[in-house]
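Working notes, structure below.
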Amino acid sequence: MGQYYRALIIKEKTLRKTNKYGVMDSPNCVAISMNPFDYNNTYKLMEWSYIGNEFLDTVLSQLKRPLHDKRKRLLAFVGDYSEFEEHVTIPDELNDYRYEIRDAHDAIWNRYGEKAMREKSLERTLDLCRDERKWYAIDRTGNEYVKLFDLPNALKDWDGKINPVGILCATSNGMGGGDYYGVNADMAGRWAFHDIVITYNEPSSDYKEIKPDFKEE
């Protein structure tokens with residue numbers, strides 16, 4: 001059977017502060033779920049992981065902001081076969097967000113009897129096929145970035161190039177049909193639940209460029 005995906009963004013509403021006792025505030029976050037079907041797509045990962053896709057562009061539109069905006073926006077594409085303990089790795093610097101991530105992960109597909117998250121139909125303000133600016137996808141958690149304007153490989157079934165962000169942020173790739181099984185499939189999920197920024201400002205030397213070169217075989 002095929003694995004279905006929904007987008008999950010955990011958005012930090014306010015920056016955390018340290019109180020007079022030196023203790024950091026608890027995270028103040030809101031979780032947003034987005035359904036590919038609301039954006040003229042079906043649910044499988046490789047049905048929408050290409051440049052110019054309406055669903056993926058709309059998800060990335062929610063992550064557009066200056067690199068100096070320190071409020072986190074954690075992105076993952078959560079498969080319906082995804083199990084938190086098995087498929088999600090929380091980096092040490094995001095450990096304080098672990099419970100927010102776990103609860104949102106388990107709620108997005110109504111796991112364990114929890115109430116399903118409310119899905120949001122949001123505006124698309126980014127069109128990577130037509131925008132002439134040079135957009136970057138930046139992982140502030142892992143200090144990496146991808147040039148979205150310089151991608152090498154076309155999909156088999158569409159006249160477009162693979163957008164690596166969907167694959168990099170997928171939680172349980174390889175569990176079902178429609179997942180990504182091509183070149184560098186071991187990089188799938190590398191950015192899942194990381195703090196992602198979409199910007200046309202070139203990142204500093206603090207960030208390392210990666211070139212996933214995803215290509216279906």
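Residues in the structure tokens are numbered from 1 in each chain, the chains being A, B, ... in the order shown, and ligands are numbered from 1 in the order shown.
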
Exercise for review: Give the helix (DSSP H, G or I) residues of region 17-184 of chain A, as DSSP finds them on the backbone, and put them as a PyMOL selection string.
Suggested key: chain A and resi 36-39+45-47+54-61+84-87+92-108+111-113+164-168

Contacts of Ala104 (chain A) at 9 Å or less, counting only C-alpha atoms, minus same-chain residues fewer than 6 places along, as a PyMOL selection string? chain A and resi 8+10+31-33+117

Based on the selection just made, write N, CA and C atoms of those residues as a short mmCIF file (atom, residue, chain, number, x, y, z; two decimals), in the first residue's frame.
```cif
data_model
loop_
_atom_site.label_atom_id
_atom_site.label_comp_id
_atom_site.auth_asym_id
_atom_site.auth_seq_id
_atom_site.Cartn_x
_atom_site.Cartn_y
_atom_site.Cartn_z
N LEU A 8 3.36 19.26 8.49
CA LEU A 8 3.21 19.71 9.87
C LEU A 8 4.23 20.82 10.13
N ILE A 10 5.38 23.39 13.17
CA ILE A 10 5.28 23.80 14.57
C ILE A 10 5.91 25.18 14.66
N ALA A 31 0.71 24.44 16.34
CA ALA A 31 0.95 23.44 15.29
C ALA A 31 -0.07 23.62 14.17
N ILE A 32 0.41 23.58 12.95
CA ILE A 32 -0.43 23.74 11.76
C ILE A 32 -0.28 22.49 10.89
N SER A 33 -1.41 21.89 10.55
CA SER A 33 -1.42 20.73 9.66
C SER A 33 -1.95 21.15 8.29
N MET A 117 -5.71 17.00 14.51
CA MET A 117 -5.40 18.41 14.41
C MET A 117 -6.29 19.07 13.38
#
```

Between region 48-101 of chain A and region 195-205 of chain A, at 7 Å or less, what are the per-residue closest atom pairs and their distances in Å? Count only C-alpha atoms, order by chain and rising residue number, and return it as JSON lines.
```
{"residue": "A:Leu60", "atom": "CA", "partner": "A:Ile198", "partner_atom": "CA", "distance": 6.7}
{"residue": "A:Leu63", "atom": "CA", "partner": "A:Val197", "partner_atom": "CA", "distance": 5.4}
{"residue": "A:Lys64", "atom": "CA", "partner": "A:Ile198", "partner_atom": "CA", "distance": 4.6}
{"residue": "A:Arg65", "atom": "CA", "partner": "A:Thr199", "partner_atom": "CA", "distance": 6.2}
{"residue": "A:Pro66", "atom": "CA", "partner": "A:Thr199", "partner_atom": "CA", "distance": 6.4}
{"residue": "A:Leu67", "atom": "CA", "partner": "A:Val197", "partner_atom": "CA", "distance": 6.7}
{"residue": "A:Lys72", "atom": "CA", "partner": "A:Asp195", "partner_atom": "CA", "distance": 5.5}
{"residue": "A:Arg73", "atom": "CA", "partner": "A:Asp195", "partner_atom": "CA", "distance": 5.1}
{"residue": "A:Leu74", "atom": "CA", "partner": "A:Asp195", "partner_atom": "CA", "distance": 4.4}
{"residue": "A:Leu75", "atom": "CA", "partner": "A:Ile196", "partner_atom": "CA", "distance": 6.5}
```

Could you state the separation of CA of Glu209 (chain A) and CA of Asp150 (chain A) in Å, given to one decimal place?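 Atom-to-atom, CA of Glu209 (chain A) to CA of Asp150 (chain A), that is 11.5 Å.
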
* Asked: Do you have the CA of Tyr99 (chain A)-CA of Cys29 (chain A) distance handy?
  ->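 These two atoms are separated by 11.1 Å.
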
Residues within 9 Å of Arg190 (chain A), only C-alpha atoms, excluding chain neighbours under 5 positions, as a PDB file with C-alpha atoms, in the first residue's frame:
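The result, written out as out-v9.pdb:
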```pdb
ATOM      1  CA  GLY A 142      21.699  21.507  11.141  1.00  0.00           C
ATOM      2  CA  ILE A 167      12.114  14.350   0.922  1.00  0.00           C
ATOM      3  CA  LEU A 168      14.551  15.921   3.395  1.00  0.00           C
ATOM      4  CA  CYS A 169      11.676  16.570   5.832  1.00  0.00           C
ATOM      5  CA  ALA A 170       9.757  13.279   5.425  1.00  0.00           C
ATOM      6  CA  THR A 171       9.527  11.251   8.634  1.00  0.00           C
TER       7      THR A 171
END
```

Phe214 (chain A) proximity check over A:Asn110, A:Tyr50, A:Asp131, A:Tyr145, using only C-alpha atoms: winner is A:Tyr50

One decimal place gives the CA of Lys44 (chain A)-CA of Asn143 (chain A) separation as 28.1 Å

- Message: I'd like the neighbourhood of Phe84 (chain A) as a PyMOL selection string, where a residue qualifies if any of its atoms comes within 8 Å (using only C-alpha atoms), though same-chain residues fewer than 5 positions away should be ignored.
- Response: chain A and resi 102+105-106

task: Might you pull out every residue within 12 Å of Arg124 (chain A), with only C-alpha atoms counted and same-chain residues fewer than 2 positions away left off, and present them as an NGL selection string?
output: :A and (38-39 or 52-64 or 121-122 or 126-128)

Those selected residues, please, written with C-alpha atoms and delivered as a PDB file, in the first residue's frame.
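Writing the result to selection.pdb gives the following:
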```
ATOM      1  CA  ASP A  38      -6.718  20.841  -0.293  1.00  0.00           C
ATOM      2  CA  TYR A  39      -4.179  22.008  -2.876  1.00  0.00           C
ATOM      3  CA  GLY A  52       6.327  24.575  -8.667  1.00  0.00           C
ATOM      4  CA  ASN A  53       3.884  22.151  -7.031  1.00  0.00           C
ATOM      5  CA  GLU A  54       1.016  24.083  -5.464  1.00  0.00           C
ATOM      6  CA  PHE A  55       0.929  22.153  -2.195  1.00  0.00           C
ATOM      7  CA  LEU A  56       4.677  22.209  -1.558  1.00  0.00           C
ATOM      8  CA  ASP A  57       4.992  25.870  -2.569  1.00  0.00           C
ATOM      9  CA  THR A  58       2.176  26.745  -0.164  1.00  0.00           C
ATOM     10  CA  VAL A  59       3.898  24.888   2.676  1.00  0.00           C
ATOM     11  CA  LEU A  60       7.169  26.683   1.954  1.00  0.00           C
ATOM     12  CA  SER A  61       5.300  29.999   1.817  1.00  0.00           C
ATOM     13  CA  GLN A  62       4.653  29.628   5.548  1.00  0.00           C
ATOM     14  CA  LEU A  63       8.425  29.450   6.165  1.00  0.00           C
ATOM     15  CA  LYS A  64       9.415  32.612   4.302  1.00  0.00           C
ATOM     16  CA  SER A 121      -5.940  25.989   4.099  1.00  0.00           C
ATOM     17  CA  LEU A 122      -3.325  28.700   3.668  1.00  0.00           C
ATOM     18  CA  LEU A 126       5.669  31.473  -3.453  1.00  0.00           C
ATOM     19  CA  ASP A 127       5.901  30.103  -6.985  1.00  0.00           C
ATOM     20  CA  LEU A 128       9.320  28.592  -7.546  1.00  0.00           C
TER      21      LEU A 128
END
```

**OP:** Do a neighbour search on Asn184 (chain A) at 9 Å with only C-alpha atoms, toss out local chain neighbours closer than 6 positions, and write the hits as a list in words.
**Re:** Pro212, Asp213, Phe214 and Lys215 of chain A

Restricting to only C-alpha atoms, whichever of A:Val78, A:Leu148, A:Ile101, A:Val30 is closest to Met175 (chain A) is A:Val78

### Message
Using DSSP secondary structure from the backbone, list all strand (DSSP E) positions within chain A, as an MDAnalysis selection string.
### Response
chainID A and resid 5:12 29:34 73:79 136:139 144:147 194:199 208:209

Output file for the residues above (N, CA and C atoms, as a compact mmCIF listing (two decimals), in the first residue's frame):
```
# COMPACT_ATOMS: atom_id res chain seq x y z
N TYR A 5 0.98 11.39 3.24
CA TYR A 5 1.69 12.40 4.01
C TYR A 5 0.84 13.65 4.20
N ARG A 6 1.03 14.27 5.33
CA ARG A 6 0.54 15.62 5.59
C ARG A 6 1.69 16.48 6.08
N ALA A 7 1.62 17.76 5.79
CA ALA A 7 2.65 18.69 6.27
C ALA A 7 2.32 19.13 7.69
N LEU A 8 3.36 19.26 8.49
CA LEU A 8 3.21 19.71 9.87
C LEU A 8 4.23 20.82 10.13
N ILE A 9 3.74 21.98 10.53
CA ILE A 9 4.60 23.09 10.91
C ILE A 9 4.34 23.42 12.37
N ILE A 10 5.38 23.39 13.17
CA ILE A 10 5.28 23.80 14.57
C ILE A 10 5.91 25.18 14.66
N LYS A 11 5.07 26.16 14.88
CA LYS A 11 5.47 27.56 14.77
C LYS A 11 5.62 28.19 16.15
N GLU A 12 6.78 28.72 16.43
CA GLU A 12 7.03 29.40 17.70
C GLU A 12 6.41 30.80 17.64
N CYS A 29 4.13 27.56 21.30
CA CYS A 29 4.05 27.14 19.90
C CYS A 29 2.61 26.86 19.48
N VAL A 30 2.38 26.92 18.18
CA VAL A 30 1.13 26.47 17.59
C VAL A 30 1.47 25.51 16.46
N ALA A 31 0.71 24.44 16.34
CA ALA A 31 0.95 23.44 15.29
C ALA A 31 -0.07 23.62 14.17
N ILE A 32 0.41 23.58 12.95
CA ILE A 32 -0.43 23.74 11.76
C ILE A 32 -0.28 22.49 10.89
N SER A 33 -1.41 21.89 10.55
CA SER A 33 -1.42 20.73 9.66
C SER A 33 -1.95 21.15 8.29
N MET A 34 -1.30 20.67 7.23
CA MET A 34 -1.72 20.99 5.87
C MET A 34 -1.88 19.70 5.08
N ARG A 73 10.36 27.66 13.22
CA ARG A 73 9.27 27.02 12.49
C ARG A 73 9.78 25.64 12.08
N LEU A 74 9.33 24.64 12.80
CA LEU A 74 9.81 23.27 12.60
C LEU A 74 8.92 22.60 11.56
N LEU A 75 9.54 22.02 10.56
CA LEU A 75 8.79 21.42 9.45
C LEU A 75 9.01 19.92 9.37
N ALA A 76 7.93 19.20 9.14
CA ALA A 76 8.02 17.77 8.82
C ALA A 76 6.85 17.39 7.92
N PHE A 77 7.08 16.43 7.07
CA PHE A 77 6.01 15.79 6.31
C PHE A 77 5.83 14.41 6.93
N VAL A 78 4.73 14.26 7.64
CA VAL A 78 4.52 13.09 8.50
C VAL A 78 3.72 12.03 7.74
N GLY A 79 4.31 10.86 7.56
CA GLY A 79 3.61 9.77 6.90
C GLY A 79 2.65 9.07 7.85
N TYR A 136 16.54 30.11 -1.30
CA TYR A 136 17.30 29.11 -0.55
C TYR A 136 16.37 28.45 0.48
N ALA A 137 16.55 27.16 0.69
CA ALA A 137 15.96 26.47 1.84
C ALA A 137 17.08 26.25 2.84
N ILE A 138 16.92 26.81 4.04
CA ILE A 138 17.99 26.79 5.04
C ILE A 138 17.52 26.04 6.28
N ASP A 139 18.31 25.08 6.68
CA ASP A 139 18.08 24.32 7.91
C ASP A 139 18.92 24.96 9.01
N GLU A 144 22.65 23.84 7.46
CA GLU A 144 22.80 23.42 6.07
C GLU A 144 21.82 24.21 5.20
N TYR A 145 22.07 24.20 3.88
CA TYR A 145 21.12 24.83 2.98
C TYR A 145 21.16 24.18 1.61
N VAL A 146 20.07 24.40 0.87
CA VAL A 146 19.95 23.93 -0.50
C VAL A 146 19.57 25.13 -1.36
N LYS A 147 20.19 25.23 -2.53
CA LYS A 147 19.81 26.25 -3.50
C LYS A 147 18.63 25.72 -4.31
N HIS A 194 13.19 20.02 11.80
CA HIS A 194 14.21 21.04 11.99
C HIS A 194 13.60 22.42 11.71
N ASP A 195 14.31 23.45 12.15
CA ASP A 195 13.89 24.84 11.96
C ASP A 195 14.29 25.28 10.56
N ILE A 196 13.30 25.43 9.68
CA ILE A 196 13.55 25.69 8.26
C ILE A 196 13.16 27.13 7.91
N VAL A 197 14.03 27.78 7.16
CA VAL A 197 13.77 29.13 6.65
C VAL A 197 13.83 29.09 5.14
N ILE A 198 12.86 29.75 4.49
CA ILE A 198 12.89 29.95 3.05
C ILE A 198 13.16 31.43 2.81
N THR A 199 14.24 31.74 2.10
CA THR A 199 14.64 33.13 1.92
C THR A 199 15.41 33.28 0.62
N LYS A 208 26.46 25.26 5.59
CA LYS A 208 27.09 24.43 4.57
C LYS A 208 26.08 24.04 3.50
N GLU A 209 26.44 24.23 2.25
CA GLU A 209 25.56 23.81 1.16
C GLU A 209 25.58 22.29 1.02
```

**Asked** For Lys161 (chain A), which of A:Trp48, A:Tyr181, A:Tyr81, A:Trp135 is the closest residue, counting only C-alpha atoms?
**Response**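 Between A:Trp48, A:Tyr181, A:Tyr81, A:Trp135, the residue approaching Lys161 (chain A) most closely is A:Trp48.
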
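Of the residues listed (A:Asn173, A:Ala107, A:Val165, A:Asn28), A:Asn173 shows the shortest atom-to-atom separation from Tyr4 (chain A); distances use only C-alpha atoms.
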